[in-house]
$ cat run-v5.cif   # mmCIF, C-alpha atoms
data_run
#
loop_
_atom_site.label_atom_id
_atom_site.label_comp_id
_atom_site.auth_asym_id
_atom_site.auth_seq_id
_atom_site.Cartn_x
_atom_site.Cartn_y
_atom_site.Cartn_z
CA MET A 1 13.96 -19.30 -15.77
CA VAL A 2 12.00 -17.26 -13.21
CA THR A 3 11.24 -14.62 -15.84
CA SER A 4 9.77 -17.25 -18.17
CA LEU A 5 7.75 -18.74 -15.31
CA ALA A 6 6.20 -15.39 -14.41
CA LEU A 7 5.42 -14.66 -18.06
CA LEU A 8 3.71 -18.03 -18.42
CA LEU A 9 1.62 -17.73 -15.28
CA GLN A 10 0.51 -14.16 -15.95
CA ARG A 11 -1.16 -15.49 -19.13
CA ILE A 12 -3.13 -18.04 -17.11
CA PRO A 13 -5.50 -15.91 -14.99
CA LYS A 14 -7.18 -18.66 -12.93
CA MET A 15 -4.36 -20.85 -11.70
CA GLY A 16 -4.93 -19.72 -8.09
CA SER A 17 -3.13 -21.90 -5.57
CA PHE A 18 -0.93 -23.41 -8.30
CA SER A 19 0.47 -19.98 -9.14
CA HIS A 20 0.92 -19.25 -5.45
CA ASN A 21 2.84 -22.45 -4.82
CA LEU A 22 5.15 -21.81 -7.76
CA LEU A 23 5.81 -18.12 -7.07
CA ALA A 24 5.68 -17.82 -3.27
CA ASN A 25 9.02 -16.66 -1.85
CA ARG A 26 10.66 -16.62 -5.30
CA ASP A 27 12.59 -13.79 -6.96
CA VAL A 28 10.95 -13.06 -10.32
CA VAL A 29 10.92 -10.30 -12.89
CA ILE A 30 7.53 -8.55 -13.00
CA PRO A 31 6.18 -9.18 -16.51
CA ARG A 32 3.54 -6.44 -16.85
CA GLY A 33 2.14 -3.21 -15.44
CA ALA A 34 3.89 -0.20 -13.95
CA GLY A 35 6.51 -2.47 -12.40
CA LYS A 36 7.36 -4.35 -15.59
CA GLY A 37 11.01 -5.33 -15.58
CA LEU A 38 11.53 -4.85 -11.85
CA ARG A 39 12.70 -7.83 -9.80
CA PHE A 40 10.30 -8.81 -7.06
CA ASN A 41 9.69 -11.35 -4.31
CA ALA A 42 6.10 -11.48 -3.03
CA GLY A 43 6.99 -13.66 -0.06
CA SER A 44 3.84 -15.46 1.09
CA SER A 45 1.64 -12.53 0.03
CA ASN A 46 -0.50 -12.14 -3.09
CA VAL A 47 1.30 -13.60 -6.13
CA ASP A 48 -0.45 -11.00 -8.30
CA TYR A 49 2.37 -8.72 -7.14
CA ALA A 50 4.93 -11.01 -8.79
CA LEU A 51 2.74 -11.24 -11.88
CA GLY A 52 2.35 -7.45 -12.07
CA ARG A 53 -1.44 -7.59 -12.18
CA ASN A 54 -2.31 -6.50 -8.66
CA GLU A 55 -4.65 -3.47 -8.58
CA ALA A 56 -4.10 -2.43 -12.18
CA SER A 57 -6.17 0.74 -11.83
CA VAL A 58 -4.14 1.83 -8.79
CA GLN A 59 -0.92 1.21 -10.70
CA GLU A 60 -2.22 3.35 -13.55
CA ALA A 61 -3.35 6.13 -11.20
CA LEU A 62 0.05 6.16 -9.49
CA ARG A 63 1.73 6.33 -12.89
CA ARG A 64 -0.38 9.41 -13.71
CA VAL A 65 0.15 11.37 -10.50
CA LEU A 66 3.67 10.47 -9.31
CA LYS A 67 6.29 12.45 -11.24
CA PRO A 68 10.09 12.38 -11.38
CA ALA A 69 11.65 13.95 -8.25
CA ASP A 70 8.37 13.60 -6.28
CA VAL A 71 8.14 12.33 -2.71
CA PHE A 72 5.93 9.27 -2.28
CA TYR A 73 4.60 7.91 1.03
CA ASP A 74 3.53 4.24 0.88
CA ILE A 75 1.48 3.73 4.06
CA GLY A 76 0.75 0.08 4.69
CA ALA A 77 3.43 -1.03 2.25
CA ASN A 78 2.95 -4.79 2.79
CA VAL A 79 5.83 -6.43 0.85
CA GLY A 80 6.70 -3.31 -1.13
CA PHE A 81 5.00 -3.70 -4.52
CA PHE A 82 3.95 -0.06 -4.74
CA THR A 83 7.13 0.97 -2.93
CA VAL A 84 9.37 -0.26 -5.74
CA ILE A 85 7.01 1.10 -8.40
CA GLY A 86 7.02 4.46 -6.62
CA ALA A 87 10.82 4.45 -6.56
CA ARG A 88 10.89 3.78 -10.28
CA LEU A 89 8.39 6.54 -11.09
CA SER A 90 9.95 9.18 -8.86
CA GLY A 91 13.43 8.34 -10.15
CA PRO A 92 16.88 9.02 -8.73
CA ARG A 93 15.95 12.55 -7.58
CA GLY A 94 12.76 11.37 -5.88
CA ARG A 95 12.20 9.92 -2.44
CA VAL A 96 10.00 7.11 -1.14
CA LEU A 97 9.05 6.53 2.48
CA ALA A 98 7.55 3.07 3.08
CA PHE A 99 5.64 2.40 6.30
CA GLU A 100 5.00 -1.19 7.37
CA PRO A 101 4.69 -2.51 10.94
CA VAL A 102 4.86 -6.30 10.32
CA PRO A 103 8.50 -7.42 10.69
CA GLU A 104 8.25 -10.27 8.16
CA ASN A 105 6.93 -7.86 5.53
CA VAL A 106 9.67 -5.35 6.29
CA GLN A 107 12.30 -8.01 5.60
CA ILE A 108 10.74 -8.68 2.18
CA ILE A 109 10.55 -4.96 1.38
CA ARG A 110 14.26 -4.66 2.08
CA ARG A 111 14.94 -7.71 -0.09
CA ASN A 112 12.99 -6.15 -2.96
CA LEU A 113 14.92 -2.91 -2.61
CA THR A 114 18.18 -4.84 -2.74
CA LEU A 115 17.04 -6.86 -5.78
CA ASN A 116 16.50 -3.60 -7.65
CA GLN A 117 19.40 -1.64 -6.12
CA LEU A 118 17.02 1.11 -5.03
CA SER A 119 18.66 3.69 -2.76
CA THR A 120 15.94 6.37 -2.65
CA VAL A 121 13.65 4.45 -0.26
CA ASP A 122 13.48 4.82 3.52
CA VAL A 123 11.70 1.96 5.29
CA HIS A 124 9.91 2.80 8.55
CA GLU A 125 8.97 -0.25 10.62
CA VAL A 126 5.98 1.47 12.20
CA ALA A 127 2.21 1.75 11.85
CA VAL A 128 0.91 5.14 10.76
CA ALA A 129 -1.79 6.39 13.09
CA ARG A 130 -3.49 9.43 14.59
CA THR A 131 -0.65 10.00 17.08
CA SER A 132 2.94 8.91 17.55
CA GLY A 133 3.49 6.33 20.28
CA THR A 134 2.58 2.66 20.51
CA ALA A 135 -0.51 0.63 19.67
CA GLU A 136 -1.75 -2.94 19.41
CA LEU A 137 -1.58 -4.43 15.91
CA LEU A 138 -3.83 -7.38 15.06
CA LEU A 139 -1.98 -9.86 12.87
CA ALA A 140 -3.62 -11.82 10.05
CA ASP A 141 -2.86 -15.02 8.17
CA TYR A 142 -2.76 -12.97 4.97
CA ALA A 143 0.50 -11.01 4.92
CA GLY A 144 -1.22 -7.73 4.04
CA GLY A 145 -4.17 -8.07 6.41
CA ALA A 146 -2.79 -6.74 9.71
CA ALA A 147 -4.82 -3.91 11.26
CA LEU A 148 -4.61 -1.61 14.23
CA ALA A 149 -6.80 -2.79 17.09
CA SER A 150 -8.74 0.48 16.77
CA ALA A 151 -9.98 -0.71 13.34
CA PRO A 152 -12.31 -3.64 12.57
CA PRO A 153 -10.45 -6.93 13.21
CA PRO A 154 -9.27 -8.90 10.19
CA PRO A 155 -11.38 -12.00 9.46
CA ASP A 156 -8.27 -14.22 9.68
CA VAL A 157 -6.79 -12.69 12.84
CA ARG A 158 -3.97 -14.81 14.30
CA GLY A 159 -2.76 -12.84 17.28
CA SER A 160 -1.41 -9.40 18.05
CA MET A 161 1.74 -7.47 18.82
CA LEU A 162 2.66 -4.06 20.19
CA VAL A 163 4.07 -1.73 17.51
CA ARG A 164 5.39 1.79 17.31
CA THR A 165 3.11 4.32 15.66
CA VAL A 166 3.82 7.61 13.93
CA ALA A 167 1.64 10.49 12.81
CA VAL A 168 2.71 11.84 9.43
CA ASP A 169 2.40 15.40 10.73
CA ASP A 170 5.01 14.67 13.42
CA LEU A 171 7.34 13.08 10.89
CA VAL A 172 7.12 16.03 8.49
CA GLU A 173 7.53 18.58 11.26
CA ASP A 174 10.62 16.67 12.42
CA GLY A 175 12.24 17.19 9.02
CA SER A 176 11.10 14.41 6.68
CA PRO A 177 10.27 15.66 3.18
CA PRO A 178 6.55 16.39 2.78
CA PRO A 179 4.77 14.04 0.39
CA ASP A 180 3.56 14.82 -3.12
CA VAL A 181 1.60 11.56 -3.26
CA VAL A 182 0.36 9.42 -0.38
CA LYS A 183 -0.93 5.86 -0.79
CA ILE A 184 -2.90 4.47 2.15
CA ASP A 185 -3.82 0.80 2.58
CA VAL A 186 -4.40 0.23 6.28
CA GLU A 187 -7.30 -2.22 6.62
CA GLY A 188 -9.93 0.04 8.17
CA ALA A 189 -7.77 2.65 9.93
CA GLU A 190 -7.93 5.18 7.08
CA ILE A 191 -9.53 8.04 9.03
CA GLU A 192 -7.05 7.56 11.86
CA VAL A 193 -4.24 7.97 9.31
CA PHE A 194 -6.00 11.01 7.78
CA GLU A 195 -6.22 12.66 11.19
CA GLY A 196 -2.50 12.13 11.73
CA LEU A 197 -1.67 13.95 8.49
CA ALA A 198 -4.28 16.72 8.62
CA ARG A 199 -1.72 19.53 8.92
CA THR A 200 0.32 18.02 6.09
CA LEU A 201 -2.76 17.99 3.86
CA GLU A 202 -3.47 21.62 4.69
CA ARG A 203 0.08 22.81 4.02
CA TYR A 204 1.23 20.67 1.11
CA ASN A 205 -1.88 19.41 -0.77
CA PRO A 206 -0.59 15.92 -1.63
CA VAL A 207 -2.56 13.63 -3.91
CA ILE A 208 -4.03 10.72 -1.95
CA LEU A 209 -4.66 7.17 -3.11
CA TYR A 210 -6.57 5.18 -0.52
CA GLU A 211 -8.30 1.83 -0.19
CA VAL A 212 -11.51 1.02 1.67
CA ASP A 213 -12.60 -2.55 2.36
CA ALA A 214 -15.22 -4.40 4.41
CA GLY A 215 -16.91 -7.76 4.66
CA ASP A 216 -20.34 -6.56 3.59
CA ALA A 217 -21.83 -3.92 1.32
CA PRO A 218 -23.43 -1.66 3.98
CA SER A 219 -20.21 -1.49 6.03
CA PHE A 220 -18.19 -0.75 2.90
CA ALA A 221 -20.58 2.00 1.79
CA ALA A 222 -20.60 3.61 5.24
CA HIS A 223 -16.83 3.61 5.57
CA ALA A 224 -16.26 4.84 2.02
CA ALA A 225 -18.70 7.70 2.68
CA ALA A 226 -16.98 8.54 5.97
CA CYS A 227 -13.56 8.69 4.29
CA ALA A 228 -14.82 10.81 1.40
CA GLY A 229 -16.66 13.10 3.81
CA TRP A 230 -13.62 13.62 6.02
CA LEU A 231 -11.53 14.54 2.99
CA ARG A 232 -14.26 16.73 1.46
CA ALA A 233 -14.34 18.81 4.64
CA ARG A 234 -10.64 19.57 3.98
CA GLY A 235 -11.20 20.53 0.35
CA TYR A 236 -10.51 17.14 -1.27
CA GLU A 237 -12.74 15.34 -3.75
CA SER A 238 -12.56 11.55 -4.05
CA GLU A 239 -12.89 9.63 -7.31
CA ARG A 240 -13.43 5.88 -7.27
CA LEU A 241 -11.02 4.00 -9.50
CA PRO A 242 -12.06 1.07 -11.70
CA ASP A 243 -12.79 -2.01 -9.61
CA CYS A 244 -9.81 -4.27 -8.94
CA TYR A 245 -11.72 -6.97 -7.04
CA ALA A 246 -14.94 -7.52 -8.98
CA GLN A 247 -14.82 -11.29 -8.43
CA SER A 248 -14.11 -11.12 -4.69
CA ASP A 249 -16.59 -11.83 -1.89
CA TRP A 250 -14.83 -9.07 0.08
CA PHE A 251 -15.86 -5.50 -0.70
CA VAL A 252 -12.88 -3.38 -1.79
CA GLY A 253 -12.70 0.04 -3.41
CA ASN A 254 -9.74 2.23 -4.37
CA PHE A 255 -10.01 6.00 -4.51
CA LEU A 256 -7.99 8.93 -5.81
CA ALA A 257 -8.44 12.19 -3.88
CA ARG A 258 -7.17 15.66 -4.81
CA ARG A 259 -7.73 19.08 -3.35
#

$ encode --input "run-v5.cif" --output "structure tokens"
Amino acid sequence: MVTSLALLLQRIPKMGSFSHNLLANRDVVIPRGAGKGLRFNAGSSNVDYALGRNEASVQEALRRVLKPADVFYDIGANVGFFTVIGARLSGPRGRVLAFEPVPENVQIIRRNLTLNQLSTVDVHEVAVARTSGTAELLLADYAGGAALASAPPPPDVRGSMLVRTVAVDDLVEDGSPPPDVVKIDVEGAEIEVFEGLARTLERYNPVILYEVDAGDAPSFAAHAAACAGWLRARGYESERLPDCYAQSDWFVGNFLARR
């Protein structure tokens, strides 16, 4: 039943709130994309996860760069869409570390891991930042919109909470496996995350997938240039992926960076 429902709705691209009401908090089988065949619950987040059509170019890029037995870091994992895809692509000899500070999202990630019987994923209920410690996290009405207080506030901010933070460099130096691929979706705190993994970039050369977003074109262009410039200074070149949000009033770009 849920499989048929997801298949039907993924063929109807503009059902908007109707699709959301039908698929929110439901277990479905993803009908398309890199996650096709995986079971998934999007919670109250974007139903395009359940339909398999979220960020198609990012899915395709991850499919190209993440190989069997690789280690994948999903930073800003939201409800775990790319986490479960990463676990599939890296396979039983791979490893996935998912980082998500919002407790409600962490519960859904764990549900999605259970739905797919995935045992190669470690979930870290923390925000990734420049340093390990604590920080204020601004919460948003949209499940994936929370941002560190050091970043621009989300437009739908609904309060804040204190969260633990971790720098990737500290985690790796404490014995976690170094990443082969890192995906970063942290609502404006990208450079702070970069700075916390600078030594890891220097030593291990992971591929980086990162998202930049802003409410207006000049802010987006400035932040995208700052991210690309920071990475270029460390020997990385950034390539913009095909647009996933062409119809949105919000400015969003996804980038693939390699040394």

$ resolve_selection --input "run-v5.cif" --expression "the PyMOL selection byres ((chain A and resi 171-181) around 7)" --output "ChimeraX atom specification"
/A:66,70-73,167-170,182-183,206-208

$ atom_distance --input "run-v5.cif" --atom1 "CA of Ser90 (chain A)" --atom2 "CA of Val65 (chain A)"
10.2 Å

$ closest_atom_pairs --input "run-v5.cif" --of "region 164-187 of chain A" --to "region 145-158 of chain A" --cutoff "12 Å" --atoms "all atoms listed in the file" --output "JSON lines"
{"residue": "A:Arg164", "atom": "CA", "partner": "A:Leu148", "partner_atom": "CA", "distance": 11.0}
{"residue": "A:Thr165", "atom": "CA", "partner": "A:Leu148", "partner_atom": "CA", "distance": 9.8}
{"residue": "A:Asp185", "atom": "CA", "partner": "A:Gly145", "partner_atom": "CA", "distance": 9.7}
{"residue": "A:Val186", "atom": "CA", "partner": "A:Ala147", "partner_atom": "CA", "distance": 6.5}
{"residue": "A:Glu187", "atom": "CA", "partner": "A:Ala147", "partner_atom": "CA", "distance": 5.5}

$ resolve_selection --input "run-v5.cif" --expression "the PyMOL selection byres ((chain A and resi 50) around 7)" --output "list of chain:residue names"
A:Val28, A:Ile30, A:Phe40, A:Asn41, A:Ala42, A:Val47, A:Asp48, A:Tyr49, A:Leu51, A:Gly52

$ closest_residue --input "run-v5.cif" --among "A:Pro31, A:Val102, A:Arg88, A:Ala222" --to "Gln117 (chain A)" --atoms "all atoms listed in the file"
A:Arg88

$ build_atoms --input "run-v5.cif" --residues "region 30-62 of chain A" --atoms "N, CA and C atoms" --output "PDB file, keeping the file's coordinate frame"
ATOM      1  N   ILE A  30       8.934  -8.891 -12.765  1.00  0.00           N
ATOM      2  CA  ILE A  30       7.530  -8.550 -13.000  1.00  0.00           C
ATOM      3  C   ILE A  30       7.301  -8.414 -14.503  1.00  0.00           C
ATOM      4  N   PRO A  31       6.316  -9.144 -15.060  1.00  0.00           N
ATOM      5  CA  PRO A  31       6.180  -9.180 -16.510  1.00  0.00           C
ATOM      6  C   PRO A  31       5.228  -8.144 -17.111  1.00  0.00           C
ATOM      7  N   ARG A  32       4.516  -7.376 -16.291  1.00  0.00           N
ATOM      8  CA  ARG A  32       3.540  -6.440 -16.850  1.00  0.00           C
ATOM      9  C   ARG A  32       3.269  -5.320 -15.863  1.00  0.00           C
ATOM     10  N   GLY A  33       2.559  -4.293 -16.324  1.00  0.00           N
ATOM     11  CA  GLY A  33       2.140  -3.210 -15.440  1.00  0.00           C
ATOM     12  C   GLY A  33       3.222  -2.180 -15.212  1.00  0.00           C
ATOM     13  N   ALA A  34       2.967  -1.291 -14.247  1.00  0.00           N
ATOM     14  CA  ALA A  34       3.890  -0.200 -13.950  1.00  0.00           C
ATOM     15  C   ALA A  34       5.232  -0.694 -13.431  1.00  0.00           C
ATOM     16  N   GLY A  35       5.267  -1.911 -12.921  1.00  0.00           N
ATOM     17  CA  GLY A  35       6.510  -2.470 -12.400  1.00  0.00           C
ATOM     18  C   GLY A  35       7.216  -3.401 -13.369  1.00  0.00           C
ATOM     19  N   LYS A  36       6.778  -3.432 -14.612  1.00  0.00           N
ATOM     20  CA  LYS A  36       7.360  -4.350 -15.590  1.00  0.00           C
ATOM     21  C   LYS A  36       8.876  -4.196 -15.657  1.00  0.00           C
ATOM     22  N   GLY A  37       9.554  -5.334 -15.513  1.00  0.00           N
ATOM     23  CA  GLY A  37      11.010  -5.330 -15.580  1.00  0.00           C
ATOM     24  C   GLY A  37      11.687  -5.256 -14.227  1.00  0.00           C
ATOM     25  N   LEU A  38      10.956  -4.868 -13.185  1.00  0.00           N
ATOM     26  CA  LEU A  38      11.530  -4.850 -11.850  1.00  0.00           C
ATOM     27  C   LEU A  38      11.601  -6.271 -11.298  1.00  0.00           C
ATOM     28  N   ARG A  39      12.607  -6.540 -10.484  1.00  0.00           N
ATOM     29  CA  ARG A  39      12.700  -7.830  -9.800  1.00  0.00           C
ATOM     30  C   ARG A  39      11.871  -7.751  -8.528  1.00  0.00           C
ATOM     31  N   PHE A  40      11.211  -8.871  -8.201  1.00  0.00           N
ATOM     32  CA  PHE A  40      10.300  -8.810  -7.060  1.00  0.00           C
ATOM     33  C   PHE A  40      10.125 -10.186  -6.427  1.00  0.00           C
ATOM     34  N   ASN A  41      10.017 -10.165  -5.093  1.00  0.00           N
ATOM     35  CA  ASN A  41       9.690 -11.350  -4.310  1.00  0.00           C
ATOM     36  C   ASN A  41       8.448 -11.025  -3.494  1.00  0.00           C
ATOM     37  N   ALA A  42       7.362 -11.748  -3.727  1.00  0.00           N
ATOM     38  CA  ALA A  42       6.100 -11.480  -3.030  1.00  0.00           C
ATOM     39  C   ALA A  42       6.027 -12.178  -1.682  1.00  0.00           C
ATOM     40  N   GLY A  43       7.050 -12.920  -1.309  1.00  0.00           N
ATOM     41  CA  GLY A  43       6.990 -13.660  -0.060  1.00  0.00           C
ATOM     42  C   GLY A  43       5.797 -14.608  -0.073  1.00  0.00           C
ATOM     43  N   SER A  44       5.047 -14.628   1.022  1.00  0.00           N
ATOM     44  CA  SER A  44       3.840 -15.460   1.090  1.00  0.00           C
ATOM     45  C   SER A  44       2.589 -14.639   0.792  1.00  0.00           C
ATOM     46  N   SER A  45       2.767 -13.415   0.309  1.00  0.00           N
ATOM     47  CA  SER A  45       1.640 -12.530   0.030  1.00  0.00           C
ATOM     48  C   SER A  45       1.044 -12.846  -1.339  1.00  0.00           C
ATOM     49  N   ASN A  46       0.243 -11.964  -1.841  1.00  0.00           N
ATOM     50  CA  ASN A  46      -0.500 -12.140  -3.090  1.00  0.00           C
ATOM     51  C   ASN A  46       0.462 -12.288  -4.278  1.00  0.00           C
ATOM     52  N   VAL A  47       0.386 -13.403  -4.999  1.00  0.00           N
ATOM     53  CA  VAL A  47       1.300 -13.600  -6.130  1.00  0.00           C
ATOM     54  C   VAL A  47       0.980 -12.668  -7.289  1.00  0.00           C
ATOM     55  N   ASP A  48      -0.164 -11.998  -7.261  1.00  0.00           N
ATOM     56  CA  ASP A  48      -0.450 -11.000  -8.300  1.00  0.00           C
ATOM     57  C   ASP A  48       0.578  -9.877  -8.284  1.00  0.00           C
ATOM     58  N   TYR A  49       1.252  -9.669  -7.152  1.00  0.00           N
ATOM     59  CA  TYR A  49       2.370  -8.720  -7.140  1.00  0.00           C
ATOM     60  C   TYR A  49       3.468  -9.193  -8.092  1.00  0.00           C
ATOM     61  N   ALA A  50       3.862 -10.456  -7.948  1.00  0.00           N
ATOM     62  CA  ALA A  50       4.930 -11.010  -8.790  1.00  0.00           C
ATOM     63  C   ALA A  50       4.524 -11.029 -10.251  1.00  0.00           C
ATOM     64  N   LEU A  51       3.232 -11.191 -10.512  1.00  0.00           N
ATOM     65  CA  LEU A  51       2.740 -11.240 -11.880  1.00  0.00           C
ATOM     66  C   LEU A  51       2.467  -9.848 -12.452  1.00  0.00           C
ATOM     67  N   GLY A  52       2.546  -8.814 -11.614  1.00  0.00           N
ATOM     68  CA  GLY A  52       2.350  -7.450 -12.070  1.00  0.00           C
ATOM     69  C   GLY A  52       0.906  -7.061 -12.301  1.00  0.00           C
ATOM     70  N   ARG A  53      -0.041  -7.890 -11.882  1.00  0.00           N
ATOM     71  CA  ARG A  53      -1.440  -7.590 -12.180  1.00  0.00           C
ATOM     72  C   ARG A  53      -2.243  -7.166 -10.960  1.00  0.00           C
ATOM     73  N   ASN A  54      -1.590  -6.952  -9.845  1.00  0.00           N
ATOM     74  CA  ASN A  54      -2.310  -6.500  -8.660  1.00  0.00           C
ATOM     75  C   ASN A  54      -2.781  -5.060  -8.830  1.00  0.00           C
ATOM     76  N   GLU A  55      -4.071  -4.821  -8.603  1.00  0.00           N
ATOM     77  CA  GLU A  55      -4.650  -3.470  -8.580  1.00  0.00           C
ATOM     78  C   GLU A  55      -4.194  -2.631  -9.768  1.00  0.00           C
ATOM     79  N   ALA A  56      -4.552  -3.091 -10.950  1.00  0.00           N
ATOM     80  CA  ALA A  56      -4.100  -2.430 -12.180  1.00  0.00           C
ATOM     81  C   ALA A  56      -4.522  -0.964 -12.224  1.00  0.00           C
ATOM     82  N   SER A  57      -5.729  -0.651 -11.758  1.00  0.00           N
ATOM     83  CA  SER A  57      -6.170   0.740 -11.830  1.00  0.00           C
ATOM     84  C   SER A  57      -5.402   1.632 -10.859  1.00  0.00           C
ATOM     85  N   VAL A  58      -4.951   1.067  -9.737  1.00  0.00           N
ATOM     86  CA  VAL A  58      -4.140   1.830  -8.790  1.00  0.00           C
ATOM     87  C   VAL A  58      -2.749   2.054  -9.387  1.00  0.00           C
ATOM     88  N   GLN A  59      -2.204   1.030 -10.018  1.00  0.00           N
ATOM     89  CA  GLN A  59      -0.920   1.210 -10.700  1.00  0.00           C
ATOM     90  C   GLN A  59      -1.006   2.339 -11.727  1.00  0.00           C
ATOM     91  N   GLU A  60      -2.077   2.341 -12.504  1.00  0.00           N
ATOM     92  CA  GLU A  60      -2.220   3.350 -13.550  1.00  0.00           C
ATOM     93  C   GLU A  60      -2.396   4.741 -12.940  1.00  0.00           C
ATOM     94  N   ALA A  61      -3.168   4.842 -11.860  1.00  0.00           N
ATOM     95  CA  ALA A  61      -3.350   6.130 -11.200  1.00  0.00           C
ATOM     96  C   ALA A  61      -2.024   6.645 -10.640  1.00  0.00           C
ATOM     97  N   LEU A  62      -1.244   5.745 -10.030  1.00  0.00           N
ATOM     98  CA  LEU A  62       0.050   6.160  -9.490  1.00  0.00           C
ATOM     99  C   LEU A  62       0.967   6.619 -10.617  1.00  0.00           C
TER     100      LEU A  62
END
